Amino acid sequence: MNTIEKLTTTDKIFKLLDSNSSNHWGEEARVVAKEAFLKQGIPSRKHEEYRYLNLELLLKDDFLVTSSKTLTCDEIAHTQVLKNAIVIVIENGKYVEGHSKITLPKGLKIIDISKASSDVIFQKQFAKFADVNTDAFIAMNTAFATGGVFVHVEKNAIIEQPIHIIHISAASESLLVNVRNLIVVEENAQAKFIESFETILPNTVKIITNALTEILVQSNAIVEHNKIQNESKLSGLINTTQVYQKKKSVFTTNNFTLSGSFVRNNLNIVLDDEYIESHLNGLYLTRNNQTVDNHTLVDHRKPNCNSNELYKGIIDDKSSATFNGKVYVRKDAQKTNAFQSNKNILLSDDGTINTKPQLEIYADDVKCSHGTSTGKLDEDKIFYLRARGLSEASAKKLLMHAFASEVVEFITIEELKNYIETKISERFE
Amino acid sequence: MANEILEEHINSDYKYGFVTDIESDNAPKGLNEDIVRFISKKKNEPEWMLEYRLKAFAYWKTLEEPNWAHVFYPKPNFQDIIYYSAPKPKKELKSLDEVDPELLKTFEKLGISLEEQKRLSGVESRIAVDAVIDSVSVKTTFKETLSEKGIIFCSFSEAVQEHPELIKKYMGTVVPHTDNFYAALNAAVFSDGSFCYIPKGVRCPMELSTYFRINASGTGQFERTLLVADEGSYVSYLEGCTAPMRDENQLHAAVVEIVAHKGAEVKYSTVQNWYPGDKEGKGGIFNFVTKRGICLEDNSKISWTQVETGSAVTWKYPSVILKGDNSVGEFYSVAVTNNYQQADTGTKMMHLGKNTRSTIISKGISAGFSNNSYRGLVRIAKGASNARNFSQCDSLLMGDKCGAHTFPYIEIKDKSGIVEHEATTSKIGEDQLFYCKQRGIDTEKAIGLIVNGYCKEVLNKLPMEFAVEAQKLLAVSLEGSVG
């Protein structure tokens with residue numbers, strides 16, 4: 001029974017995407033990816049990596065792959081949260097130059113990904129890091145991506161302005177978007193990125209976005225990657241971030257899931273050289289019927305690297321949150337330090353938290369630890385604040401805000417930090 | 001103590017690797033309905049028992065072998081196993097004098113001299129032993145002393161004959177035959193095992209113990225243990241296992257069920273030392289065991305303690321279902337793997353009742369080419385208010401060819417639940433070693449010392465007699481693993 005259903009969903013999605021596929025950039029990768037997608041199929045709940053998600057239900061609608069709706073500048077104004085930033089707007093899975101604000105500083109190149117095929121670096125690096133055989137959504141995206149951008153930061157270039165990639169979709173009928181980005185930061189270069197996800201849609205349809213960003217961080221480069229997931233009620237987002245780091249590079253990712261009915265994050269970081277630093281931080285505030293599922297994988301392949309992970313969540317109403325953090329330490333990766341922490345607060349009786357911090361270690365000279373805790377707000381702390389004249393509600397608000405702020409502190413872009421802080425305050429009002 | 005460890009080192013390896021020359025009565029190889037009937041007939045079982053077996057067998061045939069664990073091994077050929085092997089002669093034994101002297105020698109080698117036990121009766125620390133060789137329970141000691149208190153402690157097949165109402169009432173209630181592949185297999189072909197019933201309000205005066213031994217070649221051992229603690233009772237139960245050295249892989253698929261009624265407390269300790277295979281990873285026991293206890297009513301407590309040093313592949317998760325309010329579940333484990341051993345072990349704590357508490361302490365040590373995984377589940381169901389769990393699982397790595405893995409699953413559906421989990425992985429600290437060596441303790445002994453300290457939290461939970469054995473086992477298992 002299950003297998004039949006799985007086949008139909010996979011086949012249905014494949015047919016839909018394949019018959020509407022008019023994109024031919026990255027053709028070589030597409031052929032392989034189609035096969036890989038059909039072979040794997042949309043994962044069912046029996047799939048270990050997707051056991052807490054019901055993708056069948058999410059993908060059962062009839063979808064379109066292109067939207068007839070276009071947005072005006074006013075409609076996307078609210079998404080541009082930074083005054084001083086390089087803004088890239090990707091509307092319904094396609095790069096829209098007209099909405100973007102790009103004044104390229106020296107050493108930075110931004111190209112519509114569907115027109116990047118002639119670029120030598122693009123040719124060399126595109127679809128080299130996200131393996132289509134490891135995940136059905138990587139395969140789907142590689143096979144059917146409609147657009148996105150290719151960002152290249154030259155050797156030794158230090159880009160002061162943050163680069164803000166806005167993914168915005170609007171539709172009047174249910175829509176399935178496959179969007180793809182490639183970011184290459186060359187040796188000694190530095191850059192800060194923000195990727196935000198927004199949708200505008202009536203209450204009767206849904207938008208499913210399958211977004212994939214590959215990031216190559218070359219030797220000695222420093223990259224900060226912030227993600228804001230703030231989609232509307234009926235939106236679903238499958239967001240894969242595939243990072244590949246070289247020697248002595250530093251990569252930080254801060255992931256904020258604020259709304260959206262269904263969010264799945266696949267964050268894979270490969271540390272394939274020595275003296276690399278990786279920082280993974282995440283915050284998810286869920287309510288109503290939201291489902292948020294964070295899967296992270298840190299793959300320590302070489303010695304002397306550090307990774308640090310902190311994911312925090314506050315779960316309310318009937319929402320459910322999943323955290324699955326994997327740390328692999330391969331045989332050669334001696335002197336690895338890998339730390340992982342996941343903390344959750346459950347506010348309601350109907351909420352669910354599933355957490356699985358997972359370590360797989362094959363080297364002996366390492367220091368690895370993980371910890372997870374789940375509980376309610378500390379009664380003592382509430383009492384302390386109430387004894388000082390705060391009402392119970394405001395005491396709880398204060399504590400929750402403080403709990404969440406720990407993750408916000410990792411952002412180095414001041415303007416963005418303030419924006420997230422405001423969003424958190426609004427959330428607890 | 002140090003001398004003893006040293007001696008163990010010299011004698012080294014697996015000291016229980018002998019084969020006892022006892023004539024045995026085997027069933028033909030293979031598995032089909034006739035074999036199930038054969039076993040049932042051999043044991044002179046009532047009709048309902050046979051029906052249960054056949055039901056389980058029919059269900060087993062519909063199942064596929066599970067493969068989700070982090071272990072890799074050649075799949076056993078279920079048609080190439082002897083499912084029933086009993087030591088001959090099989091007549092009623094009245095006293096120890098009638099026991100086959102070869103058998104008695106086996107026990108002496110195992111360190112559980114039955115005669116000694118008998119003579120020592122009246123001495124403080126007494127242990128009642130039920131010894132299971134291959135498939136059949138050969139001797140239960142202290143039966144009379146226990147029956148004065150109303151405690152039933154006998155082999156499973158005896159219980160089927162003499163206490164069918166208890167078996168009918170409890171068997172399969174904690175681990176149903178539909179539970180998993182190996183539980184279904186066990187329900188179909190189980191040969192013997194132990195049964196224990198502690199009546200209301202009785203505190204069992206001595207440690208109850210079962211020794212399992214696989215002796216005959218080509219056999220699989222499928223025993224079943226059922227332990228029922230009635231209201232307000234207490235029992236501490238020990239289990240030990242050994243097997244001869246053989247090139248082939250032998251299968252051990254046991255089921256242990258524990259039922260704790262209101263206010264009852266059960267402590268179940270295991271020292272598992274099945275033959276782990278040789279240095280090249282050849283041979284050894286596949287230990288695929290389903291162990292589960294249920295805190296059926298309020299204020300009950302089940303505590304699992306295990307020291308796992310043997311078996312080529314271990315795959316077991318002693319679990320507790322915390323159904324009664326205020327019930328407590330505990331899991332203390334030390335798992336040591338060396339050479340090519342693989343262990344995937346841990347626990348499940350299912351919080352269903354209110355104010356339930358569970359503690360998990362797991363210590364994994366891997367050396368050589370081995371892989372050691374902790375896999376555990378803590379689930380707090382909706383309505384299980386004020387549940388509390390604390391888990392700690394540490395791994396120690398010795399050498400750069402081995403692996404240590406942690407797969408904790410935590411599922412929470414109640415807001416008042418508090419769950420904490422922490423895990424660390426590291427190697428033995430250079431400074432700790434240096435400190436010991438500086439004081440004239442050689443590396444090997446220093447490691448033994450540090451490892452024992454590392455496991456202390458768990459070893460402390462074992463009954464005295466076992467704790468000593470376990471410490472020695474740890475030292476022997478890790479011998480030669482210092483690079």
# chains A, B, ... in the order shown; residues from 1 in each chain; ligands from 1
>>> residues_around(residues="region 154-161 of chain A", least_positions_apart="2", cutoff="12 Å", atoms="only C-alpha atoms", output="PyMOL selection string")
chain A and resi 82-87+102-110+121+151-152+163-164+183-194+217-224+412-415
>>> interface_residues(of="chain A", to="chain B", cutoff="10 Å", atoms="only C-alpha atoms", output="mmCIF file with C-alpha atoms, in the first residue's frame")
data_model
loop_
_atom_site.group_PDB
_atom_site.id
_atom_site.type_symbol
_atom_site.label_atom_id
_atom_site.label_comp_id
_atom_site.auth_asym_id
_atom_site.auth_seq_id
_atom_site.Cartn_x
_atom_site.Cartn_y
_atom_site.Cartn_z
ATOM 1 C CA GLU A 48 15.104 7.235 8.674
ATOM 2 C CA ILE A 315 7.455 25.094 20.688
ATOM 3 C CA ASP A 316 3.856 26.184 21.200
ATOM 4 C CA LYS A 318 0.111 21.954 18.142
ATOM 5 C CA SER A 320 6.196 20.024 16.259
ATOM 6 C CA ALA A 321 9.927 20.484 16.020
ATOM 7 C CA THR A 322 12.620 18.008 15.123
ATOM 8 C CA PHE A 323 16.336 18.345 15.496
ATOM 9 C CA ASN A 324 18.722 15.783 14.115
ATOM 10 C CA GLY A 325 22.347 16.746 14.332
ATOM 11 C CA LYS A 326 24.916 14.384 12.955
ATOM 12 C CA VAL A 327 28.606 14.671 13.533
ATOM 13 C CA TYR A 328 30.874 12.343 11.606
ATOM 14 C CA VAL A 329 34.499 12.162 12.555
ATOM 15 C CA ARG A 330 36.332 10.127 9.961
ATOM 16 C CA LYS A 331 39.284 7.900 10.596
ATOM 17 C CA ASP A 332 41.904 10.495 9.668
ATOM 18 C CA ALA A 333 40.291 13.387 11.470
ATOM 19 C CA GLN A 334 42.419 13.267 14.625
ATOM 20 C CA ASN A 337 36.840 19.166 18.478
ATOM 21 C CA ALA A 338 33.135 18.875 17.794
ATOM 22 C CA PHE A 339 30.453 20.196 20.084
ATOM 23 C CA GLN A 340 26.752 20.106 19.669
ATOM 24 C CA SER A 341 23.914 21.382 21.774
ATOM 25 C CA ASN A 342 20.150 21.411 21.337
ATOM 26 C CA LYS A 343 17.800 23.086 23.801
ATOM 27 C CA ASN A 344 14.047 23.204 23.648
ATOM 28 C CA ILE A 345 11.194 24.724 25.573
ATOM 29 C CA LEU A 346 7.796 23.140 25.179
ATOM 30 C CA LEU A 347 4.965 25.528 26.031
ATOM 31 C CA SER A 348 1.856 23.547 25.195
ATOM 32 C CA ASP A 349 0.345 20.152 25.875
ATOM 33 C CA ASP A 350 -0.120 19.397 22.203
ATOM 34 C CA GLY A 351 3.349 20.228 20.972
ATOM 35 C CA THR A 352 5.962 17.647 20.072
ATOM 36 C CA ILE A 353 9.718 17.709 20.228
ATOM 37 C CA ASN A 354 11.834 15.049 18.610
ATOM 38 C CA THR A 355 15.527 15.340 18.986
ATOM 39 C CA LYS A 356 18.324 13.094 17.921
ATOM 40 C CA PRO A 357 21.832 14.376 18.411
ATOM 41 C CA GLN A 358 23.971 11.779 16.770
ATOM 42 C CA LEU A 359 27.711 11.174 16.884
ATOM 43 C CA GLU A 360 29.604 8.770 14.666
ATOM 44 C CA ILE A 361 33.241 8.728 15.516
ATOM 45 C CA TYR A 362 36.028 6.724 13.949
ATOM 46 C CA ALA A 363 39.088 8.558 15.294
ATOM 47 C CA ASP A 364 40.374 8.240 18.813
ATOM 48 C CA ASP A 365 42.172 11.489 19.565
ATOM 49 C CA VAL A 366 39.114 13.678 19.544
ATOM 50 C CA LYS A 367 36.954 15.693 21.868
ATOM 51 C CA CYS A 368 33.324 15.415 20.956
ATOM 52 C CA SER A 369 30.266 16.025 22.994
ATOM 53 C CA HIS A 370 26.635 16.655 22.562
ATOM 54 C CA GLY A 371 23.948 17.652 24.916
ATOM 55 C CA THR A 372 20.261 18.194 24.664
ATOM 56 C CA SER A 373 17.698 19.331 27.131
ATOM 57 C CA THR A 374 13.990 19.796 26.892
ATOM 58 C CA GLY A 375 11.766 21.261 29.494
ATOM 59 C CA LYS A 376 9.445 24.008 30.523
ATOM 60 C CA LEU A 377 10.325 27.506 31.666
#
>>> residues_around(residues="region 19-31 of chain A", least_positions_apart="2", cutoff="8 Å", atoms="only C-alpha atoms", output="list in words")
Lys15, Leu16, Leu17, Ala33, Lys34, Glu35, Val65, Ser114, Lys115, Ala116, Ser117, Phe126, Ala127, Thr142, Ala143, Phe144, Ala145 and Thr146 of chain A
>>> select_by_dssp(residues="region 111-334 of chain A", states="helix (DSSP H, G or I)", output="CSV table (one decimal) with C-alpha atoms, in the first residue's frame")
chain,number,residue,atom,x,y,z
A,113,ILE,CA,22.4,31.2,-12.7
A,114,SER,CA,20.5,30.3,-15.9
A,115,LYS,CA,23.0,32.4,-17.8
A,120,VAL,CA,34.6,29.0,-16.2
A,121,ILE,CA,34.3,28.9,-12.4
A,122,PHE,CA,30.6,28.0,-12.6
A,123,GLN,CA,31.4,25.2,-15.0
A,124,LYS,CA,34.0,23.9,-12.6
A,125,GLN,CA,32.0,24.2,-9.4
A,136,ALA,CA,15.7,13.0,-3.1
A,137,PHE,CA,15.3,16.8,-2.8
A,138,ILE,CA,18.9,17.5,-3.9
A,139,ALA,CA,18.1,15.3,-6.9
A,140,MET,CA,14.8,17.1,-7.6
A,141,ASN,CA,16.4,20.4,-7.4
A,142,THR,CA,19.4,19.6,-9.6
A,143,ALA,CA,17.1,18.1,-12.2
A,144,PHE,CA,14.4,20.8,-12.3
>>> select_by_dssp(residues="region 132-344 of chain A", states="strand (DSSP E)", output="PyMOL selection string")
chain A and resi 149-153+163-170+175-185+190-200+207-217+222-230+236-245+250-259+262-271+277-286+291-300+306-315+320-329+337-344
>>> residues_around(residues="His401 (chain A)", least_positions_apart="2", cutoff="8 Å", atoms="only C-alpha atoms", output="JSON, numbers by chain")
{"A": [397, 398, 399, 403, 404, 405, 424, 425, 428]}
>>> write_last_selection(atoms="C-alpha atoms", output="compact mmCIF listing (two decimals), in the first residue's frame")
# COMPACT_ATOMS: atom_id res chain seq x y z
CA LYS A 397 8.10 36.76 27.82
CA LEU A 398 11.36 38.05 29.18
CA LEU A 399 12.70 34.57 29.82
CA PHE A 403 16.48 32.10 25.69
CA ALA A 404 16.15 33.01 22.02
CA SER A 405 18.62 35.87 22.09
CA ILE A 424 11.14 37.78 18.30
CA SER A 425 9.50 40.49 20.40
CA PHE A 428 5.97 36.82 22.06
>>> atom_distance(atom1="CA of Lys461 (chain B)", atom2="CA of Tyr268 (chain B)")
10.2 Å
>>> closest_residue(among="B:Tyr340, B:Trp48, B:Tyr332, B:Phe190", to="Val36 (chain B)", atoms="only C-alpha atoms")
B:Phe190
>>> closest_residue(among="A:Val32, A:Leu416, A:Ile200, A:Leu390", to="Ile168 (chain A)", atoms="only C-alpha atoms")
A:Ile200
>>> residues_around(residues="Ile450 (chain B)", least_positions_apart="5", cutoff="10 Å", atoms="only C-alpha atoms", output="PDB file with C-alpha atoms, in the first residue's frame")
ATOM      1  CA  ILE B 428      42.063   8.137  27.736  1.00  0.00           C
ATOM      2  CA  GLY B 429      43.719  11.355  28.832  1.00  0.00           C
ATOM      3  CA  GLN B 432      45.934  10.502  33.435  1.00  0.00           C
ATOM      4  CA  LEU B 433      48.219   7.891  31.904  1.00  0.00           C
ATOM      5  CA  CYS B 436      49.867   6.550  36.672  1.00  0.00           C
ATOM      6  CA  LYS B 445      47.562  -1.698  34.171  1.00  0.00           C
ATOM      7  CA  CYS B 455      32.874   2.514  34.516  1.00  0.00           C
ATOM      8  CA  LYS B 456      32.565   2.808  38.260  1.00  0.00           C
TER       9      LYS B 456
END
>>> atom_distance(atom1="CA of Ser259 (chain A)", atom2="CA of Asn210 (chain A)")
16.2 Å
>>> closest_residue(among="B:Val320, B:Leu251, B:Asn32, B:Arg37", to="Lys75 (chain B)", atoms="only C-alpha atoms")
B:Leu251
>>> residues_around(residues="Leu55 (chain A)", least_positions_apart="5", cutoff="8 Å", atoms="only C-alpha atoms", output="number ranges by chain")
A: 42-45
>>> write_last_selection(atoms="N, CA and C atoms", output="PDB file, in the first residue's frame")
ATOM      1  N   ILE A  42      10.129  10.280  -3.475  1.00  0.00           N
ATOM      2  CA  ILE A  42       9.829  11.136  -2.325  1.00  0.00           C
ATOM      3  C   ILE A  42       9.888  10.250  -1.082  1.00  0.00           C
ATOM      4  N   PRO A  43      10.724  10.617  -0.107  1.00  0.00           N
ATOM      5  CA  PRO A  43      10.877   9.735   1.057  1.00  0.00           C
ATOM      6  C   PRO A  43       9.582   9.584   1.860  1.00  0.00           C
ATOM      7  N   SER A  44       9.293   8.371   2.267  1.00  0.00           N
ATOM      8  CA  SER A  44       8.119   8.128   3.103  1.00  0.00           C
ATOM      9  C   SER A  44       8.554   8.213   4.557  1.00  0.00           C
ATOM     10  N   ARG A  45       7.618   7.996   5.463  1.00  0.00           N
ATOM     11  CA  ARG A  45       7.972   8.089   6.897  1.00  0.00           C
ATOM     12  C   ARG A  45       8.851   6.931   7.339  1.00  0.00           C
TER      13      ARG A  45
END
>>> decode(residues="region 389-417 of chain A", atoms="N, CA and C atoms", output="PDB file, in the first residue's frame")
ATOM      1  N   GLY A 389       8.175  42.253  40.844  1.00  0.00           N
ATOM      2  CA  GLY A 389       7.062  43.070  40.363  1.00  0.00           C
ATOM      3  C   GLY A 389       6.636  42.827  38.933  1.00  0.00           C
ATOM      4  N   LEU A 390       7.245  41.869  38.237  1.00  0.00           N
ATOM      5  CA  LEU A 390       6.794  41.598  36.871  1.00  0.00           C
ATOM      6  C   LEU A 390       5.566  40.688  36.903  1.00  0.00           C
ATOM      7  N   SER A 391       4.685  40.885  35.967  1.00  0.00           N
ATOM      8  CA  SER A 391       3.544  39.984  35.894  1.00  0.00           C
ATOM      9  C   SER A 391       4.034  38.637  35.364  1.00  0.00           C
ATOM     10  N   GLU A 392       3.239  37.611  35.559  1.00  0.00           N
ATOM     11  CA  GLU A 392       3.667  36.289  35.124  1.00  0.00           C
ATOM     12  C   GLU A 392       3.903  36.269  33.620  1.00  0.00           C
ATOM     13  N   ALA A 393       2.982  36.920  32.907  1.00  0.00           N
ATOM     14  CA  ALA A 393       3.098  36.927  31.453  1.00  0.00           C
ATOM     15  C   ALA A 393       4.384  37.617  31.004  1.00  0.00           C
ATOM     16  N   SER A 394       4.671  38.773  31.615  1.00  0.00           N
ATOM     17  CA  SER A 394       5.860  39.474  31.139  1.00  0.00           C
ATOM     18  C   SER A 394       7.142  38.780  31.603  1.00  0.00           C
ATOM     19  N   ALA A 395       7.064  38.106  32.751  1.00  0.00           N
ATOM     20  CA  ALA A 395       8.227  37.342  33.202  1.00  0.00           C
ATOM     21  C   ALA A 395       8.541  36.230  32.197  1.00  0.00           C
ATOM     22  N   LYS A 396       7.478  35.542  31.752  1.00  0.00           N
ATOM     23  CA  LYS A 396       7.671  34.456  30.785  1.00  0.00           C
ATOM     24  C   LYS A 396       8.225  34.992  29.473  1.00  0.00           C
ATOM     25  N   LYS A 397       7.658  36.137  29.062  1.00  0.00           N
ATOM     26  CA  LYS A 397       8.103  36.761  27.818  1.00  0.00           C
ATOM     27  C   LYS A 397       9.596  37.079  27.876  1.00  0.00           C
ATOM     28  N   LEU A 398       9.967  37.649  28.994  1.00  0.00           N
ATOM     29  CA  LEU A 398      11.364  38.046  29.176  1.00  0.00           C
ATOM     30  C   LEU A 398      12.288  36.829  29.102  1.00  0.00           C
ATOM     31  N   LEU A 399      11.865  35.767  29.781  1.00  0.00           N
ATOM     32  CA  LEU A 399      12.704  34.565  29.815  1.00  0.00           C
ATOM     33  C   LEU A 399      12.818  33.925  28.433  1.00  0.00           C
ATOM     34  N   MET A 400      11.700  33.913  27.707  1.00  0.00           N
ATOM     35  CA  MET A 400      11.730  33.306  26.378  1.00  0.00           C
ATOM     36  C   MET A 400      12.598  34.128  25.438  1.00  0.00           C
ATOM     37  N   HIS A 401      12.461  35.421  25.564  1.00  0.00           N
ATOM     38  CA  HIS A 401      13.270  36.299  24.716  1.00  0.00           C
ATOM     39  C   HIS A 401      14.762  36.091  24.998  1.00  0.00           C
ATOM     40  N   ALA A 402      15.075  35.984  26.275  1.00  0.00           N
ATOM     41  CA  ALA A 402      16.475  35.779  26.653  1.00  0.00           C
ATOM     42  C   ALA A 402      16.998  34.448  26.116  1.00  0.00           C
ATOM     43  N   PHE A 403      16.134  33.436  26.190  1.00  0.00           N
ATOM     44  CA  PHE A 403      16.483  32.104  25.692  1.00  0.00           C
ATOM     45  C   PHE A 403      16.816  32.180  24.198  1.00  0.00           C
ATOM     46  N   ALA A 404      15.975  32.914  23.462  1.00  0.00           N
ATOM     47  CA  ALA A 404      16.146  33.010  22.019  1.00  0.00           C
ATOM     48  C   ALA A 404      17.343  33.885  21.644  1.00  0.00           C
ATOM     49  N   SER A 405      17.585  34.891  22.447  1.00  0.00           N
ATOM     50  CA  SER A 405      18.618  35.873  22.095  1.00  0.00           C
ATOM     51  C   SER A 405      20.021  35.291  21.998  1.00  0.00           C
ATOM     52  N   GLU A 406      20.234  34.204  22.712  1.00  0.00           N
ATOM     53  CA  GLU A 406      21.569  33.600  22.680  1.00  0.00           C
ATOM     54  C   GLU A 406      22.007  33.297  21.244  1.00  0.00           C
ATOM     55  N   VAL A 407      21.043  32.876  20.436  1.00  0.00           N
ATOM     56  CA  VAL A 407      21.356  32.554  19.046  1.00  0.00           C
ATOM     57  C   VAL A 407      21.530  33.831  18.218  1.00  0.00           C
ATOM     58  N   VAL A 408      20.700  34.833  18.518  1.00  0.00           N
ATOM     59  CA  VAL A 408      20.758  36.092  17.767  1.00  0.00           C
ATOM     60  C   VAL A 408      22.135  36.748  17.907  1.00  0.00           C
ATOM     61  N   GLU A 409      22.734  36.562  19.074  1.00  0.00           N
ATOM     62  CA  GLU A 409      24.033  37.173  19.340  1.00  0.00           C
ATOM     63  C   GLU A 409      25.124  36.772  18.337  1.00  0.00           C
ATOM     64  N   PHE A 410      24.911  35.672  17.644  1.00  0.00           N
ATOM     65  CA  PHE A 410      25.943  35.220  16.704  1.00  0.00           C
ATOM     66  C   PHE A 410      25.977  36.050  15.415  1.00  0.00           C
ATOM     67  N   ILE A 411      24.906  36.811  15.170  1.00  0.00           N
ATOM     68  CA  ILE A 411      24.869  37.618  13.947  1.00  0.00           C
ATOM     69  C   ILE A 411      25.834  38.789  14.109  1.00  0.00           C
ATOM     70  N   THR A 412      26.623  39.076  13.081  1.00  0.00           N
ATOM     71  CA  THR A 412      27.538  40.205  13.183  1.00  0.00           C
ATOM     72  C   THR A 412      27.010  41.435  12.433  1.00  0.00           C
ATOM     73  N   ILE A 413      25.926  41.255  11.690  1.00  0.00           N
ATOM     74  CA  ILE A 413      25.351  42.408  10.993  1.00  0.00           C
ATOM     75  C   ILE A 413      24.347  43.062  11.926  1.00  0.00           C
ATOM     76  N   GLU A 414      24.713  44.243  12.419  1.00  0.00           N
ATOM     77  CA  GLU A 414      23.938  44.905  13.469  1.00  0.00           C
ATOM     78  C   GLU A 414      22.467  45.099  13.075  1.00  0.00           C
ATOM     79  N   GLU A 415      22.265  45.571  11.856  1.00  0.00           N
ATOM     80  CA  GLU A 415      20.920  45.872  11.375  1.00  0.00           C
ATOM     81  C   GLU A 415      20.045  44.600  11.374  1.00  0.00           C
ATOM     82  N   LEU A 416      20.646  43.512  10.972  1.00  0.00           N
ATOM     83  CA  LEU A 416      19.931  42.247  10.905  1.00  0.00           C
ATOM     84  C   LEU A 416      19.596  41.758  12.312  1.00  0.00           C
ATOM     85  N   LYS A 417      20.547  41.947  13.189  1.00  0.00           N
ATOM     86  CA  LYS A 417      20.351  41.536  14.575  1.00  0.00           C
ATOM     87  C   LYS A 417      19.130  42.237  15.158  1.00  0.00           C
TER      88      LYS A 417
END
